[in-house]
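Asks: First, the structure itself, so that you have it in front of you.
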Amino acid sequence: MKQFLIVGLGNFGFHLATHLYRKGHDVMAIDKSPVLVQSIKDLVTQAVIADATDAATIRELGVKNVDTAVVGIGSVLGDSILAVLNLQELGIPHIVAKAISDPHKKVLAKLGIQDIIFPEKDTALSMAKKLDNPNLIDYLPFMDGYGIIEIAVPEKFMGKSLKQINMTNTYGVQVVAIKDPDAKHTRFTPQADDILNPGDILILLGSEKGLDTLKTATEK
């Protein structure tokens with residue numbers, strides 16, 4: 001069991017906090033809004049009305065020993081930054097912060113925050129990828145310029161081995177795993193002689209450029 005502090009109980013913070021609690025973790029959720037705190041009080045370990053931009057208030061909460069603090073404040077950039085700085089002063093080892101714009105993300109990065117999430121942007125990007133590629137089942141941003149996708153095996157690849165297709169050298173993407181049609185069996189780190197069958201699902205890791213190249217090639 002890990003200890004988490006969730007700062008900000010908008011949609012993102014609420015669902016993150018309650019999900020972590022259901023997974024068996026110790027979760028303290030805080031927000032300035034009594035209404036939001038009331039809505040989550042029975043769904044987490046502890047819910048507190050508190051202003052994370054107030055350094056004294058944060059110290060009084062006794063949260064310096066949490067494993068991870070997640071700052072889900074996004075609507076006011078200044079509040080997000082102050083909350084991050086207050087948590088850093090406490091020496092919390094792992095801080096995750098939500099960004100709502102590229103400038104916001106840049107400021108958080110300047111503060112030394114390595115785990116920056118962009119929920120709205122990531123969701124929009126994932127949806128755009130799905131709408132653009134009919135074979136695409138799911139898309140997950142991995143790091144800047146890279147992504148992980150689930151894709152139905154394109155018709156032109158069916159019956160061929162991974163060696164024949166040679167995705168790494170041809171498209172610059174790596175096959176991480178292959179799921180069978182019923183999703184009952186997954187072949188992780190598949191071998192070069194593995195044959196792709198109709199209904200198989202490929203899990204691929206690659207650069208955005210490589211994934212786009214693969215998409216274009218399989219549409220021809």
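So you can find residues: chains in the structure tokens are A, B, ... in the order shown, residues in each start at 1, and ligands are numbered from 1 in order.
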As a PyMOL selection string, please: all residues of stretch 48-209 of chain A that backbone DSSP puts in alpha helix (DSSP H).
Replies: chain A and resi 55-60+77-89+102-110+119-132+162-165+167-171+208-209
Asks: Can you list, as a VMD selection string, all residues belonging to stretch 66-214 of chain A that DSSP tags as strand (DSSP E or B)?
Replies: chain A and resid 68 to 71 95 to 98 115 to 117 136 to 143 146 to 152 161 173 to 179 186 to 188 195 201 to 207
Asks: Write a file of the selected residues as a PDB file, in the first residue's frame, keeping C-alpha atoms.
Replies:
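Heads up, here's the output in selection-v7.pdb:
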```
ATOM      1  CA  THR A  68       3.446  10.662  -4.250  1.00  0.00           C
ATOM      2  CA  ALA A  69       1.601  13.968  -4.404  1.00  0.00           C
ATOM      3  CA  VAL A  70      -0.510  14.757  -7.454  1.00  0.00           C
ATOM      4  CA  VAL A  71      -1.356  18.391  -8.149  1.00  0.00           C
ATOM      5  CA  ILE A  95       5.332  15.040  -7.404  1.00  0.00           C
ATOM      6  CA  VAL A  96       3.052  14.684 -10.415  1.00  0.00           C
ATOM      7  CA  ALA A  97       1.377  17.778 -11.831  1.00  0.00           C
ATOM      8  CA  LYS A  98      -1.425  18.423 -14.296  1.00  0.00           C
ATOM      9  CA  ASP A 115       5.885  13.737 -14.426  1.00  0.00           C
ATOM     10  CA  ILE A 116       3.605  16.263 -16.118  1.00  0.00           C
ATOM     11  CA  ILE A 117       0.235  15.118 -17.390  1.00  0.00           C
ATOM     12  CA  LEU A 136      -6.490   1.845 -34.523  1.00  0.00           C
ATOM     13  CA  ILE A 137      -7.959   0.419 -31.313  1.00  0.00           C
ATOM     14  CA  ASP A 138      -6.161   2.525 -28.724  1.00  0.00           C
ATOM     15  CA  TYR A 139      -3.426   5.148 -28.494  1.00  0.00           C
ATOM     16  CA  LEU A 140      -1.334   6.118 -25.478  1.00  0.00           C
ATOM     17  CA  PRO A 141       1.207   8.970 -25.535  1.00  0.00           C
ATOM     18  CA  PHE A 142       4.500   7.536 -24.249  1.00  0.00           C
ATOM     19  CA  MET A 143       6.871  10.496 -24.203  1.00  0.00           C
ATOM     20  CA  TYR A 146       6.501   8.758 -29.156  1.00  0.00           C
ATOM     21  CA  GLY A 147       3.398   6.685 -28.576  1.00  0.00           C
ATOM     22  CA  ILE A 148       2.082   3.193 -27.904  1.00  0.00           C
ATOM     23  CA  ILE A 149      -0.786   1.958 -30.065  1.00  0.00           C
ATOM     24  CA  GLU A 150      -3.060  -1.039 -30.323  1.00  0.00           C
ATOM     25  CA  ILE A 151      -3.935  -1.759 -33.927  1.00  0.00           C
ATOM     26  CA  ALA A 152      -5.811  -4.484 -35.733  1.00  0.00           C
ATOM     27  CA  SER A 161       5.876 -13.271 -40.267  1.00  0.00           C
ATOM     28  CA  VAL A 173       8.251   0.918 -34.835  1.00  0.00           C
ATOM     29  CA  GLN A 174       8.715  -1.975 -32.406  1.00  0.00           C
ATOM     30  CA  VAL A 175       6.229  -4.810 -31.922  1.00  0.00           C
ATOM     31  CA  VAL A 176       5.789  -5.081 -28.150  1.00  0.00           C
ATOM     32  CA  ALA A 177       3.129  -7.796 -28.123  1.00  0.00           C
ATOM     33  CA  ILE A 178       0.529  -9.646 -30.198  1.00  0.00           C
ATOM     34  CA  LYS A 179      -2.952 -10.424 -28.879  1.00  0.00           C
ATOM     35  CA  THR A 186      -0.863 -12.286 -25.494  1.00  0.00           C
ATOM     36  CA  ARG A 187       2.579 -12.973 -26.931  1.00  0.00           C
ATOM     37  CA  PHE A 188       4.994 -10.524 -25.353  1.00  0.00           C
ATOM     38  CA  ILE A 195       2.880 -15.264 -38.082  1.00  0.00           C
ATOM     39  CA  ILE A 201      -4.043  -7.154 -32.430  1.00  0.00           C
ATOM     40  CA  LEU A 202      -0.599  -5.569 -32.493  1.00  0.00           C
ATOM     41  CA  ILE A 203       0.758  -3.472 -29.637  1.00  0.00           C
ATOM     42  CA  LEU A 204       3.388  -1.173 -31.112  1.00  0.00           C
ATOM     43  CA  LEU A 205       5.856   1.371 -29.717  1.00  0.00           C
ATOM     44  CA  GLY A 206       7.366   3.983 -31.956  1.00  0.00           C
ATOM     45  CA  SER A 207       7.872   7.593 -32.897  1.00  0.00           C
TER      46      SER A 207
END
```
Asks: Measuring between only C-alpha atoms, which one of A:Lys2, A:Lys209, A:Lys156, A:His15 shows the shortest distance to A:Asn65?
Replies: A:Lys2
Asks: Please compute the atom CA of A:Val153-atom CA of A:Thr213 distance, one decimal, in Å.
Replies: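 Taking atom CA of A:Val153 and atom CA of A:Thr213, their separation equals 15.2 Å.
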Asks: Just the residues within 12 Å of A:Asn166, please, counting only C-alpha atoms, with nothing from its chain fewer than 3 positions along; format it as a list in words.
Replies: Phe157, Lys160, Ser161, Leu162, Lys163, Asn169, Thr170, Tyr171, Gly172, Val173, Gln174, Val175, Gln191, Ala192, Asp193, Asp194 and Leu214 of chain A
Asks: Would you put the residues from that selection into a file with N, CA and C atoms, as a CSV table (one decimal), in the first residue's frame?
Replies:
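To be explicit, this is the file written out as out_22.csv:
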```
chain,number,residue,atom,x,y,z
A,157,PHE,N,-0.6,-7.4,-44.0
A,157,PHE,CA,0.3,-8.1,-43.1
A,157,PHE,C,-0.2,-9.5,-42.8
A,160,LYS,N,1.8,-13.2,-42.9
A,160,LYS,CA,3.2,-12.9,-43.0
A,160,LYS,C,3.9,-13.0,-41.6
A,161,SER,N,5.1,-13.3,-41.5
A,161,SER,CA,5.9,-13.3,-40.3
A,161,SER,C,6.4,-11.9,-40.0
A,162,LEU,N,6.8,-11.7,-38.7
A,162,LEU,CA,7.3,-10.4,-38.3
A,162,LEU,C,8.6,-10.1,-39.1
A,163,LYS,N,9.4,-11.2,-39.3
A,163,LYS,CA,10.6,-11.0,-40.1
A,163,LYS,C,10.4,-10.5,-41.5
A,169,ASN,N,12.9,-1.9,-39.1
A,169,ASN,CA,13.7,-1.2,-40.1
A,169,ASN,C,12.9,-0.5,-41.2
A,170,THR,N,11.7,-1.0,-41.4
A,170,THR,CA,10.8,-0.4,-42.5
A,170,THR,C,10.1,0.8,-42.0
A,171,TYR,N,9.5,0.7,-40.8
A,171,TYR,CA,8.6,1.8,-40.4
A,171,TYR,C,9.2,2.5,-39.1
A,172,GLY,N,10.2,1.9,-38.5
A,172,GLY,CA,10.7,2.5,-37.2
A,172,GLY,C,9.8,2.4,-36.0
A,173,VAL,N,9.1,1.2,-36.0
A,173,VAL,CA,8.3,0.9,-34.8
A,173,VAL,C,8.6,-0.5,-34.3
A,174,GLN,N,8.4,-0.7,-33.0
A,174,GLN,CA,8.7,-2.0,-32.4
A,174,GLN,C,7.4,-2.7,-32.0
A,175,VAL,N,7.4,-4.0,-32.3
A,175,VAL,CA,6.2,-4.8,-31.9
A,175,VAL,C,6.5,-5.3,-30.5
A,191,GLN,N,8.5,-13.4,-31.5
A,191,GLN,CA,9.7,-13.8,-32.2
A,191,GLN,C,9.6,-13.4,-33.7
A,192,ALA,N,10.7,-13.4,-34.4
A,192,ALA,CA,10.7,-13.0,-35.8
A,192,ALA,C,9.9,-13.9,-36.7
A,193,ASP,N,9.8,-15.2,-36.3
A,193,ASP,CA,9.0,-16.1,-37.2
A,193,ASP,C,7.5,-16.2,-36.8
A,194,ASP,N,7.1,-15.4,-35.8
A,194,ASP,CA,5.6,-15.4,-35.5
A,194,ASP,C,4.8,-14.9,-36.7
A,214,LEU,N,3.7,4.0,-40.9
A,214,LEU,CA,3.0,2.7,-40.9
A,214,LEU,C,1.6,2.8,-41.3
```
Asks: Quick one: residues within 7 Å of stretch 76-89 of chain A, only C-alpha atoms counted, chain neighbours fewer than 4 positions away excluded, as a PyMOL selection string?
Replies: chain A and resi 52-53+55+71+104
Asks: Take the residues just selected and output them with N, CA, C and O atoms as a PDB file, in the first residue's frame.
Replies:
```pdb
ATOM      1  N   ALA A  52      -3.955  24.478  -0.894  1.00  0.00           N
ATOM      2  CA  ALA A  52      -2.591  24.007  -1.127  1.00  0.00           C
ATOM      3  C   ALA A  52      -1.620  25.124  -1.458  1.00  0.00           C
ATOM      4  O   ALA A  52      -0.406  24.914  -1.471  1.00  0.00           O
ATOM      5  N   THR A  53      -2.138  26.333  -1.731  1.00  0.00           N
ATOM      6  CA  THR A  53      -1.247  27.458  -2.011  1.00  0.00           C
ATOM      7  C   THR A  53      -0.739  28.110  -0.731  1.00  0.00           C
ATOM      8  O   THR A  53       0.133  28.979  -0.779  1.00  0.00           O
ATOM      9  N   ALA A  55       1.419  27.685   2.401  1.00  0.00           N
ATOM     10  CA  ALA A  55       2.496  26.816   2.871  1.00  0.00           C
ATOM     11  C   ALA A  55       2.248  26.316   4.295  1.00  0.00           C
ATOM     12  O   ALA A  55       2.493  25.150   4.608  1.00  0.00           O
ATOM     13  N   VAL A  71      -0.735  17.070  -8.119  1.00  0.00           N
ATOM     14  CA  VAL A  71      -1.356  18.391  -8.149  1.00  0.00           C
ATOM     15  C   VAL A  71      -2.276  18.449  -9.364  1.00  0.00           C
ATOM     16  O   VAL A  71      -1.821  18.536 -10.510  1.00  0.00           O
ATOM     17  N   HIS A 104       2.090  26.386 -19.259  1.00  0.00           N
ATOM     18  CA  HIS A 104       1.968  25.791 -17.929  1.00  0.00           C
ATOM     19  C   HIS A 104       2.935  24.620 -17.797  1.00  0.00           C
ATOM     20  O   HIS A 104       3.649  24.475 -16.803  1.00  0.00           O
TER      21      HIS A 104
END
```
Asks: From the set A:Leu5, A:Ala109, A:Val44, A:Ala217, which residue has the shortest atom-to-atom contact distance to A:Gly62, counting only C-alpha atoms?
Replies: A:Leu5
